[in-house]
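Undergrad: Next up, model-v5.csv (CSV, C-alpha atoms).
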chain,number,residue,atom,x,y,z
A,1462,SER,CA,0.0,0.0,0.0
A,1463,PHE,CA,3.0,2.3,0.1
A,1464,TRP,CA,2.3,3.7,-3.4
A,1465,ARG,CA,-1.2,4.7,-2.4
A,1466,LEU,CA,-0.2,6.3,0.9
A,1467,LEU,CA,2.5,8.4,-0.7
A,1468,PRO,CA,1.8,8.5,-4.5
A,1469,PRO,CA,5.0,9.3,-6.5
A,1470,SER,CA,2.9,11.1,-9.1
A,1471,GLU,CA,2.3,13.7,-6.4
A,1472,TYR,CA,5.6,13.8,-4.5
A,1473,PHE,CA,8.5,12.3,-6.4
A,1474,GLU,CA,9.4,15.2,-8.7
A,1475,GLU,CA,9.9,17.6,-5.8
A,1476,HIS,CA,10.8,15.1,-3.1
A,1477,PRO,CA,12.7,12.1,-4.4
A,1478,GLU,CA,14.2,11.7,-0.9
A,1479,TYR,CA,10.8,10.4,0.2
A,1480,TYR,CA,11.5,7.2,-1.7
A,1481,ALA,CA,13.9,4.3,-1.4
A,1482,LEU,CA,17.6,4.9,-2.1
A,1483,HIS,CA,18.5,1.6,-3.7
A,1484,ASP,CA,21.8,0.9,-5.5
A,1485,GLY,CA,22.5,4.6,-5.4
A,1486,GLU,CA,19.3,5.8,-7.0
A,1487,ARG,CA,16.0,7.0,-5.6
A,1488,VAL,CA,13.3,4.5,-6.8
A,1489,PRO,CA,9.6,5.5,-6.5
A,1490,CYS,CA,6.9,2.9,-5.6
A,1491,GLU,CA,4.8,3.5,-8.7
A,1492,SER,CA,2.4,0.6,-8.1
A,1493,GLY,CA,1.7,-2.3,-5.8
A,1494,TRP,CA,4.4,-4.3,-7.6
A,1495,GLY,CA,7.2,-1.8,-8.1
A,1496,PRO,CA,9.7,-0.7,-8.8
A,1497,GLY,CA,10.6,0.8,-5.4
A,1498,GLN,CA,9.6,1.4,-1.7
A,1499,LEU,CA,9.6,4.3,0.7
A,1500,CYS,CA,12.4,5.8,2.8
A,1501,LEU,CA,11.1,4.7,6.1
A,1502,THR,CA,13.2,7.0,8.3
A,1503,ASN,CA,12.3,10.3,6.6
A,1504,PRO,CA,10.1,12.2,9.1
A,1505,ASP,CA,8.0,13.8,6.4
A,1506,VAL,CA,7.2,10.3,5.0
A,1507,ILE,CA,6.1,9.2,8.4
A,1508,ARG,CA,3.9,12.3,8.8
A,1509,ILE,CA,2.3,12.2,5.3
A,1510,VAL,CA,1.6,8.4,5.5
A,1511,THR,CA,0.1,8.8,8.9
A,1512,GLU,CA,-2.1,11.7,7.7
A,1513,ASN,CA,-3.3,9.7,4.7
A,1514,VAL,CA,-4.1,6.6,6.9
A,1515,LEU,CA,-6.1,8.8,9.2
A,1516,LYS,CA,-7.9,10.5,6.3
A,1517,HIS,CA,-8.9,7.1,4.9
A,1518,LEU,CA,-10.2,5.9,8.3
A,1519,ARG,CA,-12.2,9.0,8.8
A,1520,GLU,CA,-13.8,8.7,5.3
A,1521,HIS,CA,-14.4,4.9,5.6
A,1522,PRO,CA,-15.8,4.2,9.1
A,1523,GLU,CA,-16.6,0.6,8.0
A,1524,THR,CA,-12.9,-0.2,7.9
A,1525,LYS,CA,-11.9,-3.1,10.0
A,1526,TYR,CA,-8.1,-2.8,9.6
A,1527,VAL,CA,-5.8,-0.6,7.6
A,1528,GLU,CA,-2.9,-1.8,5.4
A,1529,VAL,CA,0.6,-0.1,5.7
A,1530,SER,CA,2.8,-2.5,3.7
A,1531,GLN,CA,5.7,-2.7,1.4
A,1532,CYS,CA,5.2,-3.0,-2.4
A,1533,ASP,CA,5.9,-6.3,-4.1
A,1534,ASN,CA,9.6,-5.9,-5.0
A,1535,GLN,CA,13.0,-6.1,-3.3
A,1536,ASN,CA,14.1,-2.5,-3.7
A,1537,TYR,CA,14.1,-1.5,-0.1
A,1538,CYS,CA,15.8,1.7,1.1
A,1539,GLN,CA,19.5,1.6,1.7
A,1540,CYS,CA,20.0,5.1,2.8
A,1541,GLU,CA,22.3,5.6,5.8
A,1542,LYS,CA,19.5,5.9,8.4
A,1543,CYS,CA,17.4,3.0,7.1
A,1544,ALA,CA,20.5,0.8,6.7
A,1545,ALA,CA,21.7,1.6,10.3
A,1546,ILE,CA,18.3,0.4,11.7
A,1547,ASP,CA,18.3,-2.7,9.7
A,1548,ALA,CA,21.8,-3.5,10.7
A,1549,GLU,CA,20.9,-3.0,14.4
A,1550,GLU,CA,17.9,-5.3,14.0
A,1551,ASP,CA,19.6,-7.9,11.8
A,1552,SER,CA,16.7,-7.6,9.4
A,1553,GLN,CA,15.1,-5.2,6.9
A,1554,ALA,CA,12.0,-5.7,8.9
A,1555,GLY,CA,13.6,-3.4,11.6
A,1556,SER,CA,13.0,-0.2,9.7
A,1557,ILE,CA,9.5,-1.2,8.5
A,1558,ILE,CA,8.3,-2.2,12.0
A,1559,ARG,CA,9.6,1.0,13.6
A,1560,PHE,CA,7.9,2.9,10.8
A,1561,VAL,CA,4.5,1.1,11.2
A,1562,ASN,CA,4.8,1.4,14.9
A,1563,ALA,CA,5.0,5.2,14.6
A,1564,VAL,CA,1.9,5.2,12.3
A,1565,ALA,CA,0.0,2.8,14.6
A,1566,GLU,CA,0.7,4.9,17.6
A,1567,GLU,CA,-1.1,7.8,16.0
A,1568,VAL,CA,-3.9,5.6,14.7
A,1569,GLU,CA,-4.6,4.3,18.2
A,1570,LYS,CA,-5.3,7.8,19.5
A,1571,GLU,CA,-8.3,8.2,17.2
A,1572,PHE,CA,-9.1,4.6,16.2
A,1573,PRO,CA,-8.1,2.3,19.1
A,1574,HIS,CA,-10.1,-0.6,17.6
A,1575,ILE,CA,-8.3,-0.6,14.2
A,1576,PRO,CA,-5.3,-2.8,13.7
A,1577,VAL,CA,-2.6,-1.6,11.3
A,1578,ARG,CA,-1.5,-4.5,9.1
A,1579,VAL,CA,2.0,-5.0,7.7
A,1580,PHE,CA,3.6,-7.6,5.6
A,1581,ALA,CA,6.4,-9.9,6.7
A,1582,TYR,CA,7.3,-10.8,3.1
A,1583,GLN,CA,10.4,-11.5,1.0
A,1584,TYR,CA,13.1,-9.3,2.5
A,1585,THR,CA,11.1,-8.6,5.7
A,1586,CYS,CA,10.4,-12.2,6.6
A,1587,VAL,CA,13.1,-12.3,9.3
A,1588,PRO,CA,11.7,-10.7,12.5
A,1589,PRO,CA,13.7,-7.8,14.0
A,1590,LYS,CA,15.9,-8.6,17.0
A,1591,LYS,CA,15.0,-5.6,19.2
A,1592,THR,CA,11.8,-3.8,18.1
A,1593,ARG,CA,8.5,-5.4,18.9
A,1594,ALA,CA,5.4,-4.6,16.9
A,1595,ARG,CA,2.9,-2.5,18.9
A,1596,HIS,CA,-0.1,-4.2,20.2
A,1597,ASN,CA,-2.3,-2.7,17.5
A,1598,VAL,CA,0.0,-3.8,14.7
A,1599,LEU,CA,-1.0,-7.0,12.8
A,1600,VAL,CA,1.9,-8.8,11.2
A,1601,ARG,CA,0.9,-10.8,8.1
A,1602,TYR,CA,3.6,-13.5,7.5
A,1603,CYS,CA,3.8,-14.8,3.9
A,1604,THR,CA,4.9,-18.4,3.4
A,1605,TYR,CA,6.1,-17.5,-0.1
A,1606,GLU,CA,9.5,-19.3,0.2
A,1607,ALA,CA,8.3,-22.4,2.0
A,1608,CYS,CA,8.6,-25.9,0.8
A,1609,PHE,CA,5.0,-26.9,0.2
A,1610,ARG,CA,5.8,-30.6,-0.2
A,1611,HIS,CA,6.3,-30.8,3.6
A,1612,ALA,CA,4.7,-29.3,6.6
A,1613,ILE,CA,6.2,-26.0,7.9
A,1614,ASP,CA,7.0,-27.6,11.3
A,1615,ASP,CA,8.5,-30.8,9.7
A,1616,PRO,CA,12.0,-31.1,11.2
A,1617,ASN,CA,13.2,-33.3,8.3
A,1618,CYS,CA,12.5,-30.6,5.7
A,1619,LYS,CA,15.7,-28.4,5.4
A,1620,VAL,CA,14.0,-25.4,3.8
A,1621,ASN,CA,11.2,-25.2,6.4
A,1622,SER,CA,13.1,-26.2,9.5
A,1623,GLU,CA,16.0,-23.7,8.8
A,1624,THR,CA,14.0,-20.7,7.5
A,1625,ILE,CA,10.2,-20.7,7.6
A,1626,TYR,CA,9.6,-22.3,10.9
A,1627,PRO,CA,12.1,-20.2,12.9
A,1628,GLU,CA,10.9,-17.1,11.2
A,1629,MET,CA,7.3,-17.7,12.2
A,1630,MET,CA,8.2,-18.7,15.7
A,1631,GLY,CA,10.3,-15.5,15.9
A,1632,TRP,CA,7.4,-13.3,14.8
A,1633,GLN,CA,5.2,-15.0,17.4
A,1634,LYS,CA,7.5,-13.5,20.1
A,1635,MET,CA,7.8,-10.0,18.4
A,1636,CYS,CA,4.1,-9.2,17.9
A,1637,ASP,CA,0.7,-9.6,19.6
A,1638,GLN,CA,-1.3,-10.1,16.4
A,1639,MET,CA,-0.3,-12.3,13.5
A,1640,SER,CA,-2.0,-13.6,10.4
A,1641,ILE,CA,-0.8,-15.9,7.6
A,1642,TRP,CA,-0.7,-15.4,3.8
A,1643,ASP,CA,-0.4,-19.0,2.6
A,1644,TYR,CA,0.3,-20.1,-0.9
A,1645,VAL,CA,-1.6,-23.0,-2.5
A,1646,THR,CA,-0.4,-23.0,-6.1
A,1647,ASN,CA,2.7,-23.3,-8.2
A,1648,TRP,CA,3.4,-19.7,-9.4
A,1649,LYS,CA,6.0,-20.9,-12.0
A,1650,SER,CA,3.5,-23.2,-13.7
A,1651,TYR,CA,-0.2,-23.2,-12.7
A,1652,ILE,CA,-1.0,-26.5,-14.5
A,1653,ALA,CA,2.0,-28.5,-13.1
A,1654,PRO,CA,1.3,-31.0,-10.3
A,1655,PHE,CA,1.6,-29.4,-6.9
A,1656,PRO,CA,1.6,-32.1,-4.2
A,1657,ASN,CA,0.4,-30.1,-1.2
A,1658,LEU,CA,-2.7,-31.9,0.0
A,1659,TYR,CA,-0.7,-33.6,2.8
A,1660,SER,CA,1.0,-30.4,3.9
A,1661,LEU,CA,-2.2,-28.3,3.7
A,1662,ARG,CA,-3.7,-30.4,6.5
A,1663,LEU,CA,-0.6,-30.3,8.7
A,1664,ASN,CA,0.0,-26.6,8.0
A,1665,GLY,CA,-3.6,-25.9,9.0
A,1666,GLN,CA,-3.0,-27.6,12.3
A,1667,PHE,CA,0.2,-25.7,12.8
A,1668,PHE,CA,-1.3,-22.3,12.0
Please re-express this file's structure in structure tokens.

TA:
Amino acid sequence: SFWRLLPPSEYFEEHPEYYALHDGERVPCESGWGPGQLCLTNPDVIRIVTENVLKHLREHPETKYVEVSQCDNQNYCQCEKCAAIDAEEDSQAGSIIRFVNAVAEEVEKEFPHIPVRVFAYQYTCVPPKKTRARHNVLVRYCTYEACFRHAIDDPNCKVNSETIYPEMMGWQKMCDQMSIWDYVTNWKSYIAPFPNLYSLRLNGQFF
């Protein structure tokens, strides 16, 4: 939702510093898929995103949660401030959780019943070491890189036992609210066999 909350068509020309510095260039988040993200440590970005989130909630009282999530690409901000936070947290989730926490703190003042939902996806799957998500932040973990032939908590599956399972258990300790975005198809070939009936049942029990 970054691109909706800080549209580059409105801000990028005058304020490229609002957007991710990646590989030495400012990259705007022009859609839900790409090509860039936001600079999460810029105070103006935090202010404008917060204002737009509150504006949406005021105009849509039926809202049950509000999305403040990265776009679907890997071009996260590498500016000095964002990189320092991510290094301190041992995860790119560090800067995004601190950012979303700041937004959620303001949301709670006016809308205490509304969770602020954020992805743990691709480069933000690893939970931060120090910063815990606020109680009104809902972390949505994506099982995108899991092995779907085996259950996530199968100790004999190298992929799941060394990455997905410890990440999910780590998030359980770093947030009060958690949801799952699970994957039930083969994104490389939709018509290829995808033997996940066994793991679906076991993963359902695990979730």

Undergrad: May I ask which of the residues A:Gly1665, A:Gly1497, A:Pro1627, A:Pro1656 is the closest one to Cys1608 in chain A, counting all atoms listed in the file?

TA: A:Pro1656

Undergrad: Please provide as a PyMOL selection string all residues within 8 Å of Pro1576 in chain A, with the sequence filter that same-chain residues fewer than 3 positions apart are discarded (counting all atoms listed in the file).

TA: chain A and resi 1525-1527+1565+1573+1597-1599

Undergrad: Find the residue from A:Asn1513, A:Asn1562, A:Thr1624, A:Gln1535 that sits nearest to His1596 in chain A; use all atoms listed in the file when measuring.

TA: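 For His1596 in chain A, the nearest of the candidates is A:Asn1562.
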
Undergrad: Provide the CA of His1476 in chain A to CA of Thr1511 in chain A distance in Å, to one decimal place.

TA: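 The value is 17.3 Å.
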
Undergrad: Just to confirm, what's the straight-line distance from CA of Leu1515 in chain A to CA of Cys1543 in chain A in Å (one decimal)?

TA: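 For CA of Leu1515 in chain A relative to CA of Cys1543 in chain A, the distance reads 24.3 Å.
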
Undergrad: What does the structure give for the distance between CA of Ala1594 in chain A and CA of Gln1638 in chain A, in Å to one decimal?

TA: 8.7 Å

Undergrad: Taking (6.3, -3.8, -8.1) in the coordinates of the supplied file, I want to know which residues reach to within 6 Å of it, counting all atoms listed in the file; could you give the answer as a PDB file with C-alpha atoms, in the frame of the given file?

TA:
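Saved result, part03.pdb, follows:
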ATOM      1  CA  SER A1492       2.400   0.600  -8.100  1.00  0.00           C
ATOM      2  CA  GLY A1493       1.700  -2.300  -5.800  1.00  0.00           C
ATOM      3  CA  TRP A1494       4.400  -4.300  -7.600  1.00  0.00           C
ATOM      4  CA  GLY A1495       7.200  -1.800  -8.100  1.00  0.00           C
ATOM      5  CA  PRO A1496       9.700  -0.700  -8.800  1.00  0.00           C
ATOM      6  CA  CYS A1532       5.200  -3.000  -2.400  1.00  0.00           C
ATOM      7  CA  ASP A1533       5.900  -6.300  -4.100  1.00  0.00           C
ATOM      8  CA  ASN A1534       9.600  -5.900  -5.000  1.00  0.00           C
TER       9      ASN A1534
END

Undergrad: Give me the residues near Gly1631 in chain A as a ChimeraX atom specification, where near means some atom within 9 Å (using only C-alpha atoms) and where sequence neighbours in that chain fewer than 3 positions away do not count.

TA: /A:1587-1590,1626-1628,1634-1635

Undergrad: Need to verify the contact set: Phe1668 in chain A, 9 Å, only C-alpha atoms, exclusion of same-chain residues closer than 5 positions in sequence. Can you return it as a list in words?

TA: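 The residues that qualify are Ser1640, Ile1641 and Leu1663 of chain A.
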
Undergrad: Those residues with C-alpha atoms, as a PDB file, in the coordinates of the input please?

TA:
ATOM      1  CA  SER A1640      -2.000 -13.600  10.400  1.00  0.00           C
ATOM      2  CA  ILE A1641      -0.800 -15.900   7.600  1.00  0.00           C
ATOM      3  CA  LEU A1663      -0.600 -30.300   8.700  1.00  0.00           C
TER       4      LEU A1663
END

Undergrad: Need the shell around range 1486-1489 of chain A: protein/DNA/RNA residues with any atom at most 9 Å away, counting only C-alpha atoms. Skip same-chain ones fewer than 5 positions apart. Format as a short mmCIF file (atom, residue, chain, number, x, y, z; two decimals) with C-alpha atoms, keeping the file's coordinate frame?

TA:
data_model
loop_
_atom_site.label_atom_id
_atom_site.label_comp_id
_atom_site.auth_asym_id
_atom_site.auth_seq_id
_atom_site.Cartn_x
_atom_site.Cartn_y
_atom_site.Cartn_z
CA TRP A 1464 2.30 3.70 -3.40
CA PRO A 1468 1.80 8.50 -4.50
CA PRO A 1469 5.00 9.30 -6.50
CA PHE A 1473 8.50 12.30 -6.40
CA PRO A 1477 12.70 12.10 -4.40
CA GLU A 1478 14.20 11.70 -0.90
CA TYR A 1479 10.80 10.40 0.20
CA TYR A 1480 11.50 7.20 -1.70
CA ALA A 1481 13.90 4.30 -1.40
CA GLY A 1495 7.20 -1.80 -8.10
CA PRO A 1496 9.70 -0.70 -8.80
CA GLY A 1497 10.60 0.80 -5.40
CA GLN A 1498 9.60 1.40 -1.70
CA LEU A 1499 9.60 4.30 0.70
CA ASN A 1536 14.10 -2.50 -3.70
CA CYS A 1538 15.80 1.70 1.10
#
